[in-house]
Amino acid sequence: MAGKSRIYFDYNASAPLLDDARAAMIAVMDIDANPSSVHAEGRKARAVVKKARRQVAALVNANPDHVVFTSGATEAAALALTPHYSMGRAPVNMSRLYVCAADHPCTLEGGSFRAEDRMLFPVRDNGLVDLPALEQVVALHDHAAGLPLVVCHFANNETGVIQPVDEISRLVKANRGVFVVDAVQAAGRLPIDISTGFADYLILSSHKIGGPKGAGALVAFSDLLMPMPLIRGGGQERGHRSGTESPVNLAGFGQAAEHALNSMDEWQDVAHLRDQLEEGIREVAPTSVFYAQGEKRLPNTIFFSLPGMKAETLQIALDLDGFATSPGSACSSGKVGASHVLAAMGVQSGEGAIRLSLGLGNSAADVSDFLQKFAKIAERAASGE
């Protein structure tokens, strides 16, 4: 963050724009042509888009031709979550959508599926998908009506819990289903290889990995089965998503993806900082409640409650002390309310929880500064001030 006058602990909401992503965007700003134009200027713009497609594909080991650029992860989810697919010229119907109850709002909304054609499957109290429950509902699916479409997050945006996506995939495939994985939080922090076929589609976001806002992608394992276009028009993105591509945004997205792939090992250092932060919070506020702490989580995420203080009150106090944090998801137009993730885990918390999500830009000094300020806040909360 500029000047480091404030400390940013909200990487799960949005990562700061990387210097090399910004440089890549500035370098192509003078390319004024439409990437669909066939003249030399248009071909130059098209080359920028193609490079970005290769860079994003490399992040998840995909075929570049299977990357469909969108305006963000929400649009990618809307594109994938539809009853209407095609295999070549033949229509393929997805008759029911099965959504993880702890998913992000962009998939919980169910895309184009009617409410009566959507079903939630539960998570256990540790935040992991209840595999027997999922298997039961998918096994009962009526294939005569169409195929089951299952969507689940790779890693939870609030708790950081990493789902057993390989096991979920085997279960879905055994029941002739199609599996969409929201990989927004996992991409760049965990190795992802769609070439193994564990997912039929991955949802990605540019700004979660240090690229610009306004870019995302739906990445397919194969282009044999594809959702019907959500946006029709000029046939860009091989007909899967019409609309003139933005070379500037995609240059930044591609560079961020390349940086993420090359920096994967550095998240071990972030995990060490995260552990120091958790330990420090326990020391200064022993009554703090941590959620899903015993499970495999993203290397950067802490989700906890401070008894006696509402999550939004704690966030405001931290904000005034110079820390950017979040009470759960930041994708609800600034709304602060009960966490649907905690509710899905069976947690009855009237005070809510605060999320600290670190990134490669954080340091041990940031952790030390936070703990010093947090100790004073926790002391006030304990005294009832």
# chains A, B, ... in the order shown; residues from 1 in each chain; ligands from 1
$ select_by_dssp --residues "stretch 194-314 of chain A" --states "alpha helix (DSSP H)" --output "PyMOL selection string"
chain A and resi 247-262+267-284+311-314
$ closest_atom_pairs --of "stretch 134-200 of chain A" --to "stretch 292-315 of chain A" --cutoff "8 Å" --atoms "only C-alpha atoms" --output "Markdown table"
| residue | atom | partner | partner_atom | distance |
| --- | --- | --- | --- | --- |
| A:Ala155 | CA | A:Leu298 | CA | 7.0 |
| A:Glu158 | CA | A:Phe303 | CA | 6.5 |
| A:Thr159 | CA | A:Phe303 | CA | 5.4 |
| A:Gly160 | CA | A:Arg297 | CA | 4.8 |
| A:Val161 | CA | A:Arg297 | CA | 4.3 |
| A:Ile162 | CA | A:Arg297 | CA | 5.2 |
| A:Ala186 | CA | A:Leu298 | CA | 7.3 |
| A:Arg189 | CA | A:Leu298 | CA | 7.3 |
| A:Leu190 | CA | A:Leu298 | CA | 7.8 |
$ atom_distance --atom1 "atom CA of A:Tyr8" --atom2 "atom CA of A:Ser263"
19.1 Å
$ closest_atom_pairs --of "stretch 13-122 of chain A" --to "stretch 227-240 of chain A" --cutoff "9 Å" --atoms "only C-alpha atoms" --output "tab-separated table"
residue	atom	partner	partner_atom	distance
A:Ser36	CA	A:Gln236	CA	7.8
A:Asp65	CA	A:Arg238	CA	8.6
A:Val67	CA	A:Glu237	CA	8.4
A:Val68	CA	A:Glu237	CA	5.9
A:Phe69	CA	A:Glu237	CA	7.0
A:Glu75	CA	A:Leu230	CA	8.7
A:Ala78	CA	A:Leu230	CA	7.6
A:Leu79	CA	A:Leu230	CA	5.6
A:Ala80	CA	A:Pro227	CA	5.9
A:Leu81	CA	A:Pro227	CA	8.1
A:Thr82	CA	A:Pro227	CA	6.8
A:Pro83	CA	A:Pro227	CA	8.2
A:His84	CA	A:Met228	CA	5.7
A:Tyr85	CA	A:Pro227	CA	4.1
A:Ser86	CA	A:Pro227	CA	6.3
A:Met87	CA	A:Pro227	CA	8.9
A:Pro91	CA	A:Met228	CA	8.9
A:Val92	CA	A:Pro227	CA	8.9
$ write_last_selection --atoms "N, CA and C atoms" --output "tab-separated table (two decimals), in the first residue's frame"
chain	number	residue	atom	x	y	z
A	36	SER	N	-10.65	-7.12	-32.33
A	36	SER	CA	-11.28	-7.92	-33.38
A	36	SER	C	-10.97	-7.39	-34.78
A	65	ASP	N	-7.03	-22.01	-25.11
A	65	ASP	CA	-8.28	-21.91	-25.87
A	65	ASP	C	-9.50	-22.16	-25.01
A	67	VAL	N	-9.97	-20.74	-22.04
A	67	VAL	CA	-10.14	-19.59	-21.13
A	67	VAL	C	-11.10	-18.60	-21.77
A	68	VAL	N	-12.20	-18.34	-21.08
A	68	VAL	CA	-13.18	-17.35	-21.54
A	68	VAL	C	-13.09	-16.14	-20.61
A	69	PHE	N	-12.68	-15.00	-21.13
A	69	PHE	CA	-12.57	-13.81	-20.31
A	69	PHE	C	-13.94	-13.20	-20.06
A	75	GLU	N	-19.62	-12.56	-13.13
A	75	GLU	CA	-20.11	-12.87	-14.48
A	75	GLU	C	-19.73	-14.29	-14.88
A	78	ALA	N	-22.19	-16.51	-13.33
A	78	ALA	CA	-23.48	-16.42	-14.03
A	78	ALA	C	-23.45	-17.16	-15.35
A	79	LEU	N	-22.30	-17.14	-16.03
A	79	LEU	CA	-22.15	-17.86	-17.29
A	79	LEU	C	-22.22	-19.36	-17.08
A	80	ALA	N	-21.54	-19.84	-16.04
A	80	ALA	CA	-21.46	-21.29	-15.80
A	80	ALA	C	-22.73	-21.87	-15.20
A	81	LEU	N	-23.41	-21.08	-14.37
A	81	LEU	CA	-24.57	-21.61	-13.64
A	81	LEU	C	-25.85	-21.37	-14.43
A	82	THR	N	-26.01	-22.17	-15.45
A	82	THR	CA	-27.17	-22.09	-16.32
A	82	THR	C	-27.65	-23.50	-16.65
A	83	PRO	N	-28.96	-23.68	-16.83
A	83	PRO	CA	-29.45	-25.00	-17.26
A	83	PRO	C	-29.08	-25.31	-18.70
A	84	HIS	N	-28.67	-24.29	-19.45
A	84	HIS	CA	-28.55	-24.42	-20.90
A	84	HIS	C	-27.10	-24.56	-21.34
A	85	TYR	N	-26.71	-25.77	-21.68
A	85	TYR	CA	-25.38	-26.07	-22.20
A	85	TYR	C	-25.52	-26.63	-23.61
A	86	SER	N	-24.39	-26.76	-24.27
A	86	SER	CA	-24.40	-27.38	-25.59
A	86	SER	C	-23.14	-28.22	-25.77
A	87	MET	N	-23.28	-29.28	-26.52
A	87	MET	CA	-22.14	-30.10	-26.92
A	87	MET	C	-22.14	-30.08	-28.44
A	91	PRO	N	-28.06	-29.43	-27.82
A	91	PRO	CA	-28.30	-28.85	-26.50
A	91	PRO	C	-28.17	-29.91	-25.40
A	92	VAL	N	-27.66	-29.50	-24.26
A	92	VAL	CA	-27.54	-30.36	-23.09
A	92	VAL	C	-28.18	-29.62	-21.92
$ residues_around --residues "A:Thr196" --least-positions-apart "3" --cutoff "9 Å" --atoms "only C-alpha atoms" --output "PyMOL selection string"
chain A and resi 193+199+221
$ write_last_selection --atoms "all heavy atoms" --output "tab-separated table (two decimals), in the first residue's frame"
chain	number	residue	atom	x	y	z
A	193	ASP	N	-4.49	-27.50	-10.89
A	193	ASP	CA	-4.20	-28.14	-12.18
A	193	ASP	C	-5.48	-28.70	-12.76
A	193	ASP	O	-5.88	-29.82	-12.47
A	193	ASP	CB	-3.16	-29.25	-11.98
A	193	ASP	CG	-2.70	-29.87	-13.30
A	193	ASP	OD1	-3.26	-29.50	-14.35
A	193	ASP	OD2	-1.80	-30.72	-13.27
A	199	ALA	N	-12.06	-30.63	-12.07
A	199	ALA	CA	-13.16	-29.69	-12.27
A	199	ALA	C	-13.48	-29.60	-13.75
A	199	ALA	O	-12.59	-29.71	-14.60
A	199	ALA	CB	-12.79	-28.31	-11.74
A	221	PHE	N	-12.19	-27.32	-18.56
A	221	PHE	CA	-11.32	-28.47	-18.75
A	221	PHE	C	-11.29	-28.86	-20.23
A	221	PHE	O	-10.25	-29.18	-20.80
A	221	PHE	CB	-11.80	-29.64	-17.90
A	221	PHE	CG	-11.16	-30.96	-18.23
A	221	PHE	CD1	-9.81	-31.17	-18.01
A	221	PHE	CD2	-11.91	-31.99	-18.79
A	221	PHE	CE1	-9.22	-32.38	-18.33
A	221	PHE	CE2	-11.32	-33.21	-19.11
A	221	PHE	CZ	-9.97	-33.40	-18.88
$ closest_residue --among "A:Phe198, A:Ser357, A:Asp319, A:Ser339" --to "A:Asp275" --atoms "only C-alpha atoms"
A:Ser357
$ atom_distance --atom1 "atom CA of A:Ala174" --atom2 "atom CA of A:Met94"
16.2 Å
$ residues_around --residues "A:Met345" --least-positions-apart "5" --cutoff "12 Å" --atoms "only C-alpha atoms" --output "PyMOL selection string"
chain A and resi 100-103+121-130+158-159+161+291-292+339-340
$ write_last_selection --atoms "C-alpha atoms" --output "CSV table (one decimal), in the first residue's frame"
chain,number,residue,atom,x,y,z
A,100,CYS,CA,-22.6,-25.5,-1.2
A,101,ALA,CA,-24.4,-23.6,1.6
A,102,ALA,CA,-21.1,-21.8,2.5
A,103,ASP,CA,-20.4,-20.6,-1.0
A,121,PHE,CA,-25.9,-29.1,0.3
A,122,PRO,CA,-24.4,-28.6,3.8
A,123,VAL,CA,-21.1,-28.2,5.4
A,124,ARG,CA,-20.1,-29.7,8.8
A,125,ASP,CA,-19.3,-27.6,11.8
A,126,ASN,CA,-15.6,-27.4,10.7
A,127,GLY,CA,-16.6,-25.8,7.4
A,128,LEU,CA,-15.9,-28.8,5.2
A,129,VAL,CA,-18.5,-30.1,2.8
A,130,ASP,CA,-20.6,-32.9,4.3
A,158,GLU,CA,-14.3,-16.1,5.1
A,159,THR,CA,-12.8,-19.0,7.0
A,161,VAL,CA,-11.1,-23.6,4.7
A,291,TYR,CA,-13.3,-20.7,13.3
A,292,ALA,CA,-12.2,-23.8,11.4
A,339,SER,CA,-22.1,-14.5,8.4
A,340,HIS,CA,-24.0,-17.0,6.3
$ closest_residue --among "A:His66, A:Lys208, A:Lys376, A:Arg241" --to "A:Gln185" --atoms "only C-alpha atoms"
A:Lys208
$ atom_distance --atom1 "atom CA of A:Ala344" --atom2 "atom CA of A:Tyr98"
14.9 Å
$ residues_around --residues "stretch 11-24 of chain A" --least-positions-apart "4" --cutoff "6 Å" --atoms "only C-alpha atoms" --output "PyMOL selection string"
chain A and resi 207-211+251-252+255-256+330+357-359
$ select_by_dssp --residues "stretch 176-329 of chain A" --states "strand (DSSP E or B)" --output "ChimeraX atom specification"
/A:178-182,187,190,201-205,216-220,225-227,289-290,297,301-306,309,323-324,326
$ write_last_selection --atoms "C-alpha atoms" --output "PDB file, in the first residue's frame"
ATOM      1  CA  VAL A 178     -20.829 -31.576 -13.952  1.00  0.00           C
ATOM      2  CA  PHE A 179     -18.584 -29.825 -11.426  1.00  0.00           C
ATOM      3  CA  VAL A 180     -17.952 -26.054 -11.295  1.00  0.00           C
ATOM      4  CA  VAL A 181     -15.280 -24.890  -8.846  1.00  0.00           C
ATOM      5  CA  ASP A 182     -15.088 -21.333  -7.550  1.00  0.00           C
ATOM      6  CA  ALA A 187      -5.848 -19.272  -7.379  1.00  0.00           C
ATOM      7  CA  LEU A 190      -2.571 -22.997  -3.903  1.00  0.00           C
ATOM      8  CA  TYR A 201     -14.924 -25.356 -14.959  1.00  0.00           C
ATOM      9  CA  LEU A 202     -12.971 -22.947 -12.783  1.00  0.00           C
ATOM     10  CA  ILE A 203     -14.057 -19.432 -11.840  1.00  0.00           C
ATOM     11  CA  LEU A 204     -11.200 -16.906 -11.549  1.00  0.00           C
ATOM     12  CA  SER A 205     -10.915 -13.238 -10.611  1.00  0.00           C
ATOM     13  CA  GLY A 216     -12.208 -12.519 -14.606  1.00  0.00           C
ATOM     14  CA  ALA A 217     -12.429 -15.823 -16.400  1.00  0.00           C
ATOM     15  CA  LEU A 218     -14.319 -19.058 -16.746  1.00  0.00           C
ATOM     16  CA  VAL A 219     -11.761 -21.760 -17.498  1.00  0.00           C
ATOM     17  CA  ALA A 220     -12.970 -25.058 -18.929  1.00  0.00           C
ATOM     18  CA  LEU A 225     -19.394 -29.127 -23.279  1.00  0.00           C
ATOM     19  CA  MET A 226     -19.901 -25.384 -22.829  1.00  0.00           C
ATOM     20  CA  PRO A 227     -22.613 -23.177 -21.308  1.00  0.00           C
ATOM     21  CA  VAL A 289     -12.956 -17.711  19.258  1.00  0.00           C
ATOM     22  CA  PHE A 290     -11.319 -18.941  16.038  1.00  0.00           C
ATOM     23  CA  ARG A 297      -6.882 -23.348   5.341  1.00  0.00           C
ATOM     24  CA  THR A 301      -6.735 -16.242   6.488  1.00  0.00           C
ATOM     25  CA  ILE A 302      -7.942 -15.842  10.086  1.00  0.00           C
ATOM     26  CA  PHE A 303     -11.643 -15.676  11.008  1.00  0.00           C
ATOM     27  CA  PHE A 304     -12.378 -15.005  14.667  1.00  0.00           C
ATOM     28  CA  SER A 305     -14.711 -13.387  17.158  1.00  0.00           C
ATOM     29  CA  LEU A 306     -13.890 -11.239  20.152  1.00  0.00           C
ATOM     30  CA  MET A 309     -17.613  -6.830  20.789  1.00  0.00           C
ATOM     31  CA  PHE A 323      -5.911  -1.457   9.673  1.00  0.00           C
ATOM     32  CA  ALA A 324      -8.054  -2.557   6.736  1.00  0.00           C
ATOM     33  CA  SER A 326     -13.373  -7.154   6.964  1.00  0.00           C
TER      34      SER A 326
END
$ closest_residue --among "A:Gly188, A:Pro286, A:Pro148, A:Gly214" --to "A:Asn262" --atoms "only C-alpha atoms"
A:Gly188
$ closest_residue --among "A:Ala338, A:Ser169, A:Ala144, A:Ala353" --to "A:Gly197" --atoms "only C-alpha atoms"
A:Ser169
$ closest_residue --among "A:Glu41, A:Glu258, A:Glu266, A:Asp117" --to "A:Val60" --atoms "only C-alpha atoms"
A:Glu258
